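Have a look at model-v9.cif below; it lists mmCIF, C-alpha atoms.
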data_upload
#
loop_
_atom_site.group_PDB
_atom_site.id
_atom_site.type_symbol
_atom_site.label_atom_id
_atom_site.label_comp_id
_atom_site.auth_asym_id
_atom_site.auth_seq_id
_atom_site.Cartn_x
_atom_site.Cartn_y
_atom_site.Cartn_z
ATOM 1 C CA MET A 27 54.456 84.735 -73.940
ATOM 2 C CA ALA A 28 51.307 83.810 -75.859
ATOM 3 C CA ALA A 29 49.370 83.250 -72.631
ATOM 4 C CA GLY A 30 50.585 86.557 -71.232
ATOM 5 C CA GLY A 31 49.705 88.384 -74.437
ATOM 6 C CA LEU A 32 46.191 86.934 -74.483
ATOM 7 C CA ALA A 33 45.729 87.887 -70.830
ATOM 8 C CA GLY A 34 46.740 91.450 -71.675
ATOM 9 C CA LEU A 35 44.321 91.463 -74.597
ATOM 10 C CA CYS A 36 41.430 90.380 -72.375
ATOM 11 C CA GLN A 37 42.074 92.988 -69.702
ATOM 12 C CA ILE A 38 41.755 95.996 -72.043
ATOM 13 C CA VAL A 39 37.970 95.560 -71.888
ATOM 14 C CA ILE A 40 38.212 96.889 -68.323
ATOM 15 C CA THR A 41 41.422 98.907 -68.352
ATOM 16 C CA THR A 42 40.641 101.146 -71.345
ATOM 17 C CA PRO A 43 37.655 102.992 -69.779
ATOM 18 C CA MET A 44 39.407 103.169 -66.405
ATOM 19 C CA GLU A 45 42.580 104.577 -67.958
ATOM 20 C CA LEU A 46 40.575 107.065 -70.016
ATOM 21 C CA LEU A 47 38.791 108.445 -66.954
ATOM 22 C CA LYS A 48 41.969 108.442 -64.858
ATOM 23 C CA ILE A 49 43.812 110.510 -67.446
ATOM 24 C CA GLN A 50 41.014 113.088 -67.646
ATOM 25 C CA MET A 51 41.046 113.552 -63.891
ATOM 26 C CA GLN A 52 44.841 113.778 -63.728
ATOM 27 C CA ASP A 53 44.915 116.223 -66.646
ATOM 28 C CA ALA A 54 42.056 118.435 -65.432
ATOM 29 C CA GLY A 55 44.287 120.723 -63.384
ATOM 30 C CA ARG A 56 46.721 121.344 -66.222
ATOM 31 C CA VAL A 57 43.943 122.064 -68.711
ATOM 32 C CA ALA A 58 42.192 124.420 -66.288
ATOM 33 C CA ALA A 59 45.429 126.314 -65.539
ATOM 34 C CA GLN A 60 46.268 126.760 -69.218
ATOM 35 C CA ALA A 61 42.718 127.845 -70.010
ATOM 36 C CA LYS A 62 42.834 130.381 -67.167
ATOM 37 C CA ALA A 63 46.064 131.794 -68.547
ATOM 38 C CA ILE A 64 44.283 132.747 -71.772
ATOM 39 C CA GLY A 65 41.202 134.087 -70.004
ATOM 40 C CA LYS A 66 38.936 131.058 -70.226
ATOM 41 C CA THR A 67 37.224 129.129 -67.451
ATOM 42 C CA ILE A 68 36.670 125.367 -67.447
ATOM 43 C CA PRO A 69 34.164 123.941 -64.948
ATOM 44 C CA LYS A 70 35.298 121.263 -62.525
ATOM 45 C CA VAL A 71 34.641 117.713 -63.602
ATOM 46 C CA SER A 72 34.344 114.289 -61.982
ATOM 47 C CA ALA A 73 34.929 110.809 -63.351
ATOM 48 C CA THR A 74 31.169 110.197 -63.271
ATOM 49 C CA SER A 75 30.338 113.364 -65.192
ATOM 50 C CA ILE A 76 32.974 112.588 -67.825
ATOM 51 C CA ALA A 77 31.697 109.029 -68.254
ATOM 52 C CA MET A 78 28.067 110.127 -68.522
ATOM 53 C CA GLU A 79 28.916 112.842 -71.053
ATOM 54 C CA LEU A 80 30.872 110.395 -73.201
ATOM 55 C CA ILE A 81 28.051 107.841 -73.121
ATOM 56 C CA ARG A 82 25.468 110.546 -73.920
ATOM 57 C CA THR A 83 27.377 111.985 -76.879
ATOM 58 C CA LYS A 84 29.243 108.982 -78.285
ATOM 59 C CA GLY A 85 27.633 105.940 -76.738
ATOM 60 C CA ILE A 86 29.477 103.228 -74.853
ATOM 61 C CA THR A 87 32.231 103.289 -77.491
ATOM 62 C CA GLY A 88 33.167 106.752 -76.244
ATOM 63 C CA LEU A 89 34.712 105.109 -73.203
ATOM 64 C CA TYR A 90 37.022 103.100 -75.462
ATOM 65 C CA LYS A 91 38.960 105.942 -77.069
ATOM 66 C CA GLY A 92 42.580 104.850 -77.341
ATOM 67 C CA THR A 93 41.822 101.119 -77.311
ATOM 68 C CA GLY A 94 44.486 100.426 -79.920
ATOM 69 C CA ALA A 95 47.194 102.152 -77.905
ATOM 70 C CA THR A 96 46.004 100.497 -74.679
ATOM 71 C CA MET A 97 46.169 97.116 -76.413
ATOM 72 C CA LEU A 98 49.727 97.805 -77.594
ATOM 73 C CA ARG A 99 50.776 98.682 -74.052
ATOM 74 C CA ASP A 100 48.973 95.955 -72.101
ATOM 75 C CA VAL A 101 49.604 93.082 -74.517
ATOM 76 C CA SER A 102 53.296 93.902 -74.909
ATOM 77 C CA PHE A 103 53.641 94.405 -71.143
ATOM 78 C CA SER A 104 52.185 90.958 -70.446
ATOM 79 C CA ILE A 105 54.355 89.349 -73.120
ATOM 80 C CA VAL A 106 57.452 90.748 -71.404
ATOM 81 C CA TYR A 107 56.331 90.462 -67.787
ATOM 82 C CA PHE A 108 55.046 86.898 -67.358
ATOM 83 C CA PRO A 109 57.942 84.973 -68.968
ATOM 84 C CA LEU A 110 60.461 87.251 -67.251
ATOM 85 C CA PHE A 111 58.813 86.741 -63.870
ATOM 86 C CA ALA A 112 58.648 82.968 -64.352
ATOM 87 C CA THR A 113 62.341 82.874 -65.260
ATOM 88 C CA LEU A 114 63.453 85.021 -62.322
ATOM 89 C CA ASN A 115 61.198 83.191 -59.873
ATOM 90 C CA SER A 116 62.570 79.812 -60.950
ATOM 91 C CA LEU A 117 66.109 80.878 -60.053
ATOM 92 C CA GLY A 118 65.409 81.405 -56.350
ATOM 93 C CA PRO A 119 65.297 78.910 -53.475
ATOM 94 C CA ARG A 120 62.218 76.695 -52.989
ATOM 95 C CA ARG A 121 59.952 76.696 -49.938
ATOM 96 C CA ASP A 122 60.483 72.963 -49.400
ATOM 97 C CA ASP A 123 62.598 70.217 -50.920
ATOM 98 C CA GLY A 124 60.933 68.996 -54.093
ATOM 99 C CA SER A 125 58.501 71.941 -54.141
ATOM 100 C CA ASN A 126 57.884 74.133 -57.191
ATOM 101 C CA GLU A 127 57.049 77.113 -54.961
ATOM 102 C CA ALA A 128 59.670 79.773 -54.402
ATOM 103 C CA VAL A 129 60.133 81.392 -51.013
ATOM 104 C CA PHE A 130 57.955 84.476 -50.582
ATOM 105 C CA TRP A 131 60.778 87.034 -50.849
ATOM 106 C CA CYS A 132 61.936 85.503 -54.128
ATOM 107 C CA SER A 133 58.445 85.820 -55.628
ATOM 108 C CA PHE A 134 58.234 89.392 -54.351
ATOM 109 C CA LEU A 135 61.598 90.448 -55.769
ATOM 110 C CA SER A 136 60.951 88.624 -59.047
ATOM 111 C CA GLY A 137 57.610 90.410 -59.403
ATOM 112 C CA CYS A 138 59.208 93.775 -58.635
ATOM 113 C CA ALA A 139 62.070 93.257 -61.078
ATOM 114 C CA ALA A 140 59.928 91.845 -63.890
ATOM 115 C CA GLY A 141 57.250 94.497 -63.403
ATOM 116 C CA SER A 142 59.656 97.420 -63.431
ATOM 117 C CA MET A 143 61.553 96.173 -66.485
ATOM 118 C CA ALA A 144 58.360 95.434 -68.409
ATOM 119 C CA ALA A 145 56.970 98.864 -67.479
ATOM 120 C CA LEU A 146 60.048 100.616 -68.854
ATOM 121 C CA ALA A 147 60.052 98.488 -72.009
ATOM 122 C CA VAL A 148 56.478 99.470 -72.911
ATOM 123 C CA ASN A 149 56.629 103.077 -71.683
ATOM 124 C CA PRO A 150 56.610 104.428 -75.268
ATOM 125 C CA PHE A 151 53.189 102.825 -75.784
ATOM 126 C CA ASP A 152 51.979 104.306 -72.489
ATOM 127 C CA VAL A 153 53.041 107.795 -73.609
ATOM 128 C CA VAL A 154 51.167 107.359 -76.891
ATOM 129 C CA LYS A 155 48.088 106.020 -75.099
ATOM 130 C CA THR A 156 48.032 108.899 -72.636
ATOM 131 C CA ARG A 157 48.292 111.510 -75.374
ATOM 132 C CA LEU A 158 45.549 109.914 -77.439
ATOM 133 C CA GLN A 159 43.193 109.600 -74.462
ATOM 134 C CA ALA A 160 43.519 113.239 -73.375
ATOM 135 C CA LEU A 161 40.088 114.488 -74.435
ATOM 136 C CA LYS A 162 40.502 118.194 -73.697
ATOM 137 C CA LYS A 163 43.154 120.154 -75.547
ATOM 138 C CA VAL A 164 43.994 123.782 -74.937
ATOM 139 C CA GLU A 165 44.468 126.203 -77.805
ATOM 140 C CA GLY A 166 47.678 125.542 -79.705
ATOM 141 C CA GLU A 167 48.214 122.078 -78.227
ATOM 142 C CA MET A 168 49.221 119.345 -80.653
ATOM 143 C CA GLN A 169 46.423 117.133 -81.962
ATOM 144 C CA PHE A 170 46.841 113.470 -82.877
ATOM 145 C CA ASN A 171 44.964 111.265 -85.297
ATOM 146 C CA GLY A 172 45.657 107.707 -84.228
ATOM 147 C CA VAL A 173 48.633 105.732 -82.966
ATOM 148 C CA ALA A 174 50.856 106.128 -86.030
ATOM 149 C CA ASP A 175 50.243 109.884 -86.216
ATOM 150 C CA CYS A 176 51.027 110.295 -82.512
ATOM 151 C CA ILE A 177 54.252 108.321 -82.811
ATOM 152 C CA GLY A 178 55.319 110.281 -85.886
ATOM 153 C CA LYS A 179 54.624 113.737 -84.451
ATOM 154 C CA THR A 180 56.153 112.937 -81.075
ATOM 155 C CA LEU A 181 59.307 111.623 -82.731
ATOM 156 C CA LYS A 182 59.496 114.601 -85.090
ATOM 157 C CA TYR A 183 58.923 117.405 -82.588
ATOM 158 C CA GLU A 184 60.232 115.955 -79.304
ATOM 159 C CA GLY A 185 62.631 113.171 -80.177
ATOM 160 C CA VAL A 186 63.019 109.608 -78.917
ATOM 161 C CA THR A 187 63.426 110.643 -75.280
ATOM 162 C CA ALA A 188 59.801 111.853 -75.195
ATOM 163 C CA PHE A 189 58.671 108.225 -75.340
ATOM 164 C CA PHE A 190 60.330 107.548 -72.000
ATOM 165 C CA LYS A 191 58.845 110.477 -70.072
ATOM 166 C CA GLY A 192 57.491 109.224 -66.770
ATOM 167 C CA GLY A 193 59.298 105.923 -67.199
ATOM 168 C CA LEU A 194 60.919 106.003 -63.774
ATOM 169 C CA CYS A 195 57.607 106.838 -62.087
ATOM 170 C CA ARG A 196 55.911 103.911 -63.835
ATOM 171 C CA MET A 197 58.688 101.588 -62.728
ATOM 172 C CA ILE A 198 58.292 102.765 -59.120
ATOM 173 C CA VAL A 199 54.507 102.205 -59.249
ATOM 174 C CA ILE A 200 54.486 98.897 -61.107
ATOM 175 C CA ALA A 201 57.313 97.211 -59.177
ATOM 176 C CA PRO A 202 55.606 96.914 -55.755
ATOM 177 C CA LEU A 203 52.210 96.343 -57.385
ATOM 178 C CA PHE A 204 53.287 93.198 -59.196
ATOM 179 C CA GLY A 205 55.752 92.172 -56.506
ATOM 180 C CA ILE A 206 52.988 92.051 -53.891
ATOM 181 C CA ALA A 207 50.537 90.412 -56.309
ATOM 182 C CA GLN A 208 52.912 87.579 -57.148
ATOM 183 C CA MET A 209 54.008 87.119 -53.550
ATOM 184 C CA VAL A 210 50.388 86.768 -52.408
ATOM 185 C CA TYR A 211 49.656 84.370 -55.269
ATOM 186 C CA PHE A 212 52.641 82.132 -54.561
ATOM 187 C CA LEU A 213 51.989 82.156 -50.827
ATOM 188 C CA GLY A 214 48.682 80.486 -51.670
ATOM 189 C CA VAL A 215 46.520 83.011 -49.829
ATOM 190 C CA ALA A 216 43.493 82.346 -52.056
ATOM 191 C CA GLU A 217 43.867 78.575 -51.706
ATOM 192 C CA ALA A 218 44.097 78.903 -47.928
ATOM 193 C CA LEU A 219 40.959 81.062 -47.779
ATOM 194 C CA LEU A 220 39.035 78.641 -49.996
ATOM 195 C CA GLY A 221 40.422 75.529 -48.356
ATOM 196 C CA VAL A 222 41.891 74.310 -51.650
ATOM 197 C CA LYS A 223 45.202 72.454 -51.772
ATOM 198 C CA SER A 224 47.786 74.351 -53.789
ATOM 199 C CA GLY A 225 48.757 72.695 -57.041
ATOM 200 C CA ASN A 226 52.261 74.214 -57.034
ATOM 201 C CA LYS A 227 53.687 71.741 -54.552
#

Could I get this file's structure written as structure tokens?
Amino acid sequence: MAAGGLAGLCQIVITTPMELLKIQMQDAGRVAAQAKAIGKTIPKVSATSIAMELIRTKGITGLYKGTGATMLRDVSFSIVYFPLFATLNSLGPRRDDGSNEAVFWCSFLSGCAAGSMAALAVNPFDVVKTRLQALKKVEGEMQFNGVADCIGKTLKYEGVTAFFKGGLCRMIVIAPLFGIAQMVYFLGVAEALLGVKSGNK
């Protein structure tokens, strides 16, 4: 759990800017439609233009808006995912007698199951992160001032169920992603390409 948590902590250096830009692009259509409804026009944007504008106005730290929420999501996800995967993977049949390697379908299913369950468990943090990283707000839309404020307002005005919006979609996305990743890892694809003997046997 500690190793998984530290891995999640390290990855936010890369994932925070990527998530920030992804959310802006995904949210651009909604913002434009709502602005049009009240007679305003918002120019089209690209990930590059958003990144350059943030760097120009706020420096490199502008790309790290929502780091706290991203850390909560990614660290907690890794804490849940890696031990759960290891446990599930250890229950399946081995590739050979005396081997520590599970058969490929066991690693795949373990990755899918662990990934989907971890994704659902941390979905509340993902909702908070997404709301904090939405840079453009239309008139009348709720504003948030940090993680605690976002949690409080969401709970007050929308209830507990709001924290699990999009949970099923995240489970569907994360399951095959981590299932394939773990299957490839345990098949020793990298070792085979590099000509290195796997240490799992």

Give one line per residue of range 112-158 of chain A that approaches range 163-184 of chain A to at most 8 Å, naming the two atoms of the closest pair and their distance in Å to one decimal, counting all atoms listed in the file; sort by chain then ascending residue number and deliver it as a tab-separated table.
residue	atom	partner	partner_atom	distance
A:Val154	CA	A:Cys176	CA	6.3
A:Lys155	CA	A:Val173	CA	7.9
A:Arg157	CA	A:Cys176	CA	7.7
A:Leu158	CA	A:Phe170	CA	6.6

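Take the PyMOL selection byres ((chain A and resi 115-131) around 7) and apply it to this file: it picks Phe111, Ala112, Thr113, Leu114, Cys132, Ser133, Phe134, Leu135, Ser136, Met209, Phe212, Leu213, Asn226 and Lys227 of chain A.
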
* On this file, the PyMOL selection byres ((chain A and resi 189) around 9) gives some set of residues; write that set as a ChimeraX atom specification. => /A:149-154,177,180-181,184-188,190-193

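Applied to the shown file, the PyMOL selection byres ((chain A and resi 147) around 12) selects the residues Leu98, Arg99, Asp100, Ser102, Phe103, Ser104, Ile105, Val106, Tyr107, Ala140, Gly141, Ser142, Met143, Ala144, Ala145, Leu146, Val148, Asn149, Pro150, Phe151, Asp152, Val153, Phe189, Phe190, Gly193, Leu194, Arg196 and Met197 of chain A.
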
* Could you work out how far CA of Thr93 in chain A lies from CA of Leu35 in chain A, giving the answer in Å with one decimal? -> 10.3 Å

* **CA of Phe108 in chain A to CA of Cys138 in chain A, straight-line distance in Å** => 11.9 Å

* Go ahead and compute the interatomic distance for CA of Arg56 in chain A and CA of Gly94 in chain A, in Å to one decimal. => 25.1 Å

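Counting only C-alpha atoms and comparing A:Ala160, A:Gly88, A:Ile200, A:Leu219, the residue that lies closest to Val57 in chain A is A:Ala160.
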